[in-house]
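Okay, model_6.cif is below, mmCIF, C-alpha atoms; chains and numbers go by the auth columns:
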```cif
data_entry
loop_
_atom_site.group_PDB
_atom_site.id
_atom_site.type_symbol
_atom_site.label_atom_id
_atom_site.label_comp_id
_atom_site.label_asym_id
_atom_site.label_seq_id
_atom_site.Cartn_x
_atom_site.Cartn_y
_atom_site.Cartn_z
_atom_site.B_iso_or_equiv
_atom_site.auth_seq_id
_atom_site.auth_asym_id
ATOM 1 C CA MET A 1 -8.009 -16.815 8.186 0.00 1 S
ATOM 2 C CA THR A 2 -7.270 -14.897 5.005 0.00 2 S
ATOM 3 C CA GLN A 3 -4.887 -11.977 5.405 0.00 3 S
ATOM 4 C CA GLN A 4 -6.575 -8.667 4.637 0.00 4 S
ATOM 5 C CA ILE A 5 -4.641 -6.149 2.544 0.00 5 S
ATOM 6 C CA LEU A 6 -5.593 -2.473 2.240 0.00 6 S
ATOM 7 C CA ILE A 7 -4.992 -1.009 -1.223 0.00 7 S
ATOM 8 C CA VAL A 8 -4.464 2.751 -1.453 0.00 8 S
ATOM 9 C CA GLU A 9 -4.254 3.608 -5.140 0.00 9 S
ATOM 10 C CA ASP A 10 -5.768 6.496 -7.098 0.00 10 S
ATOM 11 C CA GLU A 11 -5.789 4.781 -10.504 0.00 11 S
ATOM 12 C CA PRO A 12 -8.903 2.558 -10.655 0.00 12 S
ATOM 13 C CA LEU A 13 -7.441 0.121 -13.189 0.00 13 S
ATOM 14 C CA ILE A 14 -4.306 -0.387 -11.104 0.00 14 S
ATOM 15 C CA ALA A 15 -6.412 -0.864 -7.963 0.00 15 S
ATOM 16 C CA MET A 16 -8.496 -3.498 -9.774 0.00 16 S
ATOM 17 C CA MET A 17 -5.336 -5.241 -10.991 0.00 17 S
ATOM 18 C CA LEU A 18 -4.003 -5.336 -7.419 0.00 18 S
ATOM 19 C CA GLU A 19 -7.324 -6.769 -6.204 0.00 19 S
ATOM 20 C CA ASP A 20 -7.021 -9.499 -8.863 0.00 20 S
ATOM 21 C CA PHE A 21 -3.437 -10.215 -7.762 0.00 21 S
ATOM 22 C CA LEU A 22 -4.560 -10.516 -4.124 0.00 22 S
ATOM 23 C CA ASP A 23 -7.323 -12.909 -5.104 0.00 23 S
ATOM 24 C CA ALA A 24 -4.921 -15.061 -7.134 0.00 24 S
ATOM 25 C CA LEU A 25 -2.490 -15.078 -4.192 0.00 25 S
ATOM 26 C CA GLY A 26 -5.171 -16.179 -1.734 0.00 26 S
ATOM 27 C CA LYS A 27 -5.253 -12.836 0.090 0.00 27 S
ATOM 28 C CA GLY A 28 -8.274 -10.727 0.943 0.00 28 S
ATOM 29 C CA CYS A 29 -8.820 -7.068 0.183 0.00 29 S
ATOM 30 C CA ALA A 30 -9.566 -5.051 3.328 0.00 30 S
ATOM 31 C CA GLY A 31 -10.724 -2.236 1.069 0.00 31 S
ATOM 32 C CA THR A 32 -9.533 0.187 -1.555 0.00 32 S
ATOM 33 C CA ALA A 33 -9.092 3.918 -1.176 0.00 33 S
ATOM 34 C CA ASP A 34 -7.776 6.695 -3.383 0.00 34 S
ATOM 35 C CA CYS A 35 -7.201 9.325 -0.683 0.00 35 S
ATOM 36 C CA SER A 36 -6.597 9.745 3.056 0.00 36 S
ATOM 37 C CA ALA A 37 -10.257 10.537 3.725 0.00 37 S
ATOM 38 C CA GLU A 38 -11.213 7.071 2.438 0.00 38 S
ATOM 39 C CA ALA A 39 -8.235 5.115 3.818 0.00 39 S
ATOM 40 C CA LEU A 40 -8.074 6.379 7.411 0.00 40 S
ATOM 41 C CA PRO A 41 -11.548 5.096 8.427 0.00 41 S
ATOM 42 C CA LEU A 42 -10.652 1.651 7.038 0.00 42 S
ATOM 43 C CA ILE A 43 -7.525 1.578 9.200 0.00 43 S
ATOM 44 C CA GLU A 44 -9.435 2.785 12.264 0.00 44 S
ATOM 45 C CA ALA A 45 -12.078 0.073 11.722 0.00 45 S
ATOM 46 C CA GLY A 46 -9.409 -2.612 12.061 0.00 46 S
ATOM 47 C CA ALA A 47 -9.168 -5.881 10.116 0.00 47 S
ATOM 48 C CA VAL A 48 -6.193 -4.615 8.082 0.00 48 S
ATOM 49 C CA ASP A 49 -3.162 -6.923 8.208 0.00 49 S
ATOM 50 C CA CYS A 50 -0.966 -4.847 5.895 0.00 50 S
ATOM 51 C CA ALA A 51 -1.248 -2.242 3.150 0.00 51 S
ATOM 52 C CA ILE A 52 0.013 -1.257 -0.278 0.00 52 S
ATOM 53 C CA LEU A 53 0.251 2.542 -0.483 0.00 53 S
ATOM 54 C CA ASP A 54 0.652 4.510 -3.668 0.00 54 S
ATOM 55 C CA VAL A 55 2.832 7.503 -2.798 0.00 55 S
ATOM 56 C CA ASN A 56 1.052 9.968 -5.105 0.00 56 S
ATOM 57 C CA LEU A 57 -2.718 10.089 -4.713 0.00 57 S
ATOM 58 C CA ARG A 58 -5.462 12.059 -6.446 0.00 58 S
ATOM 59 C CA GLY A 59 -5.355 15.834 -6.361 0.00 59 S
ATOM 60 C CA GLY A 60 -1.635 15.891 -5.611 0.00 60 S
ATOM 61 C CA GLU A 61 -2.115 14.337 -2.165 0.00 61 S
ATOM 62 C CA LYS A 62 0.721 12.219 -0.755 0.00 62 S
ATOM 63 C CA SER A 63 0.052 9.116 1.350 0.00 63 S
ATOM 64 C CA TRP A 64 2.054 10.272 4.410 0.00 64 S
ATOM 65 C CA ALA A 65 -0.968 10.608 6.746 0.00 65 S
ATOM 66 C CA ILE A 66 -2.016 7.067 5.868 0.00 66 S
ATOM 67 C CA ALA A 67 1.529 5.799 6.428 0.00 67 S
ATOM 68 C CA ASP A 68 1.620 7.572 9.802 0.00 68 S
ATOM 69 C CA ALA A 69 -1.692 5.961 10.847 0.00 69 S
ATOM 70 C CA LEU A 70 -0.487 2.508 9.794 0.00 70 S
ATOM 71 C CA ALA A 71 2.813 2.965 11.628 0.00 71 S
ATOM 72 C CA THR A 72 0.988 4.111 14.786 0.00 72 S
ATOM 73 C CA ALA A 73 -1.255 1.026 14.590 0.00 73 S
ATOM 74 C CA ASP A 74 1.824 -1.186 13.987 0.00 74 S
ATOM 75 C CA ILE A 75 0.418 -2.368 10.646 0.00 75 S
ATOM 76 C CA PRO A 76 3.126 -3.158 8.072 0.00 76 S
ATOM 77 C CA PHE A 77 2.959 -1.477 4.673 0.00 77 S
ATOM 78 C CA VAL A 78 4.843 -1.066 1.448 0.00 78 S
ATOM 79 C CA PHE A 79 5.051 2.064 -0.680 0.00 79 S
ATOM 80 C CA ALA A 80 4.111 1.601 -4.331 0.00 80 S
ATOM 81 C CA THR A 81 6.179 4.002 -6.369 0.00 81 S
ATOM 82 C CA GLY A 82 7.989 4.532 -9.602 0.00 82 S
ATOM 83 C CA GLY A 83 10.263 7.098 -7.994 0.00 83 S
ATOM 84 C CA GLY A 84 13.511 6.891 -6.086 0.00 84 S
ATOM 85 C CA GLU A 85 14.580 7.667 -2.538 0.00 85 S
ATOM 86 C CA GLU A 86 13.721 11.344 -2.831 0.00 86 S
ATOM 87 C CA THR A 87 10.007 10.612 -3.143 0.00 87 S
ATOM 88 C CA ILE A 88 9.677 9.225 0.412 0.00 88 S
ATOM 89 C CA VAL A 89 9.657 11.529 3.447 0.00 89 S
ATOM 90 C CA ASN A 90 12.467 10.974 5.939 0.00 90 S
ATOM 91 C CA ARG A 91 10.324 9.379 8.655 0.00 91 S
ATOM 92 C CA HIS A 92 9.303 6.584 6.268 0.00 92 S
ATOM 93 C CA ARG A 93 12.404 6.346 4.101 0.00 93 S
ATOM 94 C CA GLU A 94 13.317 2.885 5.470 0.00 94 S
ATOM 95 C CA ARG A 95 9.938 1.368 4.571 0.00 95 S
ATOM 96 C CA PRO A 96 9.906 -1.240 1.803 0.00 96 S
ATOM 97 C CA ARG A 97 8.949 -0.309 -1.747 0.00 97 S
ATOM 98 C CA LEU A 98 7.031 -2.041 -4.478 0.00 98 S
ATOM 99 C CA MET A 99 8.215 -0.629 -7.763 0.00 99 S
ATOM 100 C CA LYS A 100 5.857 0.143 -10.620 0.00 100 S
ATOM 101 C CA PRO A 101 4.934 -1.355 -13.000 0.00 101 S
ATOM 102 C CA PHE A 102 3.573 -4.141 -10.800 0.00 102 S
ATOM 103 C CA THR A 103 3.947 -7.842 -11.437 0.00 103 S
ATOM 104 C CA MET A 104 2.157 -10.559 -9.503 0.00 104 S
ATOM 105 C CA GLU A 105 5.541 -11.948 -8.458 0.00 105 S
ATOM 106 C CA GLY A 106 6.636 -8.547 -7.155 0.00 106 S
ATOM 107 C CA VAL A 107 3.408 -8.094 -5.184 0.00 107 S
ATOM 108 C CA GLU A 108 3.717 -11.608 -3.763 0.00 108 S
ATOM 109 C CA GLN A 109 7.323 -11.016 -2.656 0.00 109 S
ATOM 110 C CA ALA A 110 6.446 -7.675 -1.061 0.00 110 S
ATOM 111 C CA LEU A 111 3.510 -9.165 0.860 0.00 111 S
ATOM 112 C CA ASN A 112 5.544 -12.166 1.982 0.00 112 S
ATOM 113 C CA ARG A 113 8.161 -9.811 3.450 0.00 113 S
ATOM 114 C CA LEU A 114 5.500 -7.726 5.200 0.00 114 S
ATOM 115 C CA LEU A 115 3.586 -10.684 6.614 0.00 115 S
ATOM 116 C CA ALA A 116 6.570 -12.840 7.598 0.00 116 S
#
```
Produce structure tokens that represent the structure in this file.
Amino acid sequence: MTQQILIVEDEPLIAMMLEDFLDALGKGCAGTADCSAEALPLIEAGAVDCAILDVNLRGGEKSWAIADALATADIPFVFATGGGEETIVNRHRERPRLMKPFTMEGVEQALNRLLA
């Protein structure tokens, strides 16, 4: 069964690029969301094996509520960020990061670590 990856990204072109990467890597997309209101129902519905979370979402929202929901559901995730340590809240500081700009190799390595 194809692993299903949730993409939480507020830039449509980056979200589409990530979807293309997942397709090329033989992974499925469990859905895309650009805010908590869109992402949380996807997590609650199940069928998410792991997630890529942009830290900064539209309207200045941060992805902490989504990260909390994933952690509660024991679903692994990686933060997508261009920032350093200070951008991640303490309770999630040890989570893995996928640094921007993305490469297919970087996405593949991050997913392999999450799904190992």
Proximity to Thr103 (chain S) - best of S:Ala67, S:Leu6, S:Leu22, S:Ala39, all atoms listed in the file: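 Nearest candidate to Thr103 (chain S) out of S:Ala67, S:Leu6, S:Leu22, S:Ala39: S:Leu22.
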Return as a PyMOL selection string the set of residues that the PyMOL selection byres ((chain S and resi 8-12) around 7) yields on the displayed structure. chain S and resi 6-7+13-16+32-34+39+52-54+57-58
Output check: residues returned by the PyMOL selection byres ((chain S and resi 85-95) around 10), as a compact mmCIF listing (two decimals) with C-alpha atoms, keeping the file's coordinate frame:
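Output file part_31.txt is given in full below:
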```
# COMPACT_ATOMS: atom_id res chain seq x y z
CA VAL S 55 2.83 7.50 -2.80
CA ASN S 56 1.05 9.97 -5.11
CA LYS S 62 0.72 12.22 -0.76
CA SER S 63 0.05 9.12 1.35
CA TRP S 64 2.05 10.27 4.41
CA ALA S 67 1.53 5.80 6.43
CA ASP S 68 1.62 7.57 9.80
CA ALA S 71 2.81 2.96 11.63
CA PRO S 76 3.13 -3.16 8.07
CA PHE S 77 2.96 -1.48 4.67
CA VAL S 78 4.84 -1.07 1.45
CA PHE S 79 5.05 2.06 -0.68
CA THR S 81 6.18 4.00 -6.37
CA GLY S 82 7.99 4.53 -9.60
CA GLY S 83 10.26 7.10 -7.99
CA GLY S 84 13.51 6.89 -6.09
CA PRO S 96 9.91 -1.24 1.80
CA ARG S 97 8.95 -0.31 -1.75
```
Of the candidates S:Glu61, S:Ala51, S:Thr2, S:Pro41, which shows the shortest atom-to-atom distance to Leu111 (chain S), using all atoms listed in the file?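 Counting all atoms listed in the file, the residue closest to Leu111 (chain S) is S:Ala51.
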Just want the 12 Å neighbourhood of Gly46 (chain S), counted on all atoms listed in the file, with same-chain residues fewer than 4 positions away dropped. Output as a compact mmCIF listing (two decimals) with C-alpha atoms, in the coordinates of the input.
```
# COMPACT_ATOMS: atom_id res chain seq x y z
CA GLN S 4 -6.58 -8.67 4.64
CA ILE S 5 -4.64 -6.15 2.54
CA LEU S 6 -5.59 -2.47 2.24
CA ALA S 30 -9.57 -5.05 3.33
CA GLY S 31 -10.72 -2.24 1.07
CA ALA S 39 -8.24 5.12 3.82
CA LEU S 40 -8.07 6.38 7.41
CA PRO S 41 -11.55 5.10 8.43
CA LEU S 42 -10.65 1.65 7.04
CA CYS S 50 -0.97 -4.85 5.90
CA ALA S 69 -1.69 5.96 10.85
CA LEU S 70 -0.49 2.51 9.79
CA ALA S 73 -1.25 1.03 14.59
CA ASP S 74 1.82 -1.19 13.99
CA ILE S 75 0.42 -2.37 10.65
```
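Counting all atoms listed in the file and comparing S:Leu18, S:Asp49, S:Cys35, S:Ala24, the residue that lies closest to Ala116 (chain S) is S:Asp49.
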Measuring atom to atom with all atoms listed in the file, identify which of S:Met104, S:Leu115, S:Ile43, S:Ala110 is nearest to Glu19 (chain S). S:Met104
How many Å lie between CA of Val48 (chain S) and CA of Asp20 (chain S), rounded to one decimal? 17.7 Å
So how far away is CA of Gln3 (chain S) from CA of Cys29 (chain S), in Å?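 So the answer is 8.2 Å.
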Which centre and edge lengths in Å to one decimal define the box along x, y and z that fits every listed atom of region 24-31 of chain S plus 6 Å per side, as JSON?
```
{"center_x": -6.6, "center_y": -9.2, "center_z": -1.9, "size_x": 20.2, "size_y": 25.9, "size_z": 22.5}
```
Using CA of Ala80 (chain S) and CA of Pro101 (chain S) as the two end points, give the distance in Å to one decimal.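 Interatomic distance here is 9.2 Å.
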Of the residues S:Ala65, S:Leu25, S:Met1, S:Leu98, which is the one nearest to Ala47 (chain S), using all atoms listed in the file? S:Met1
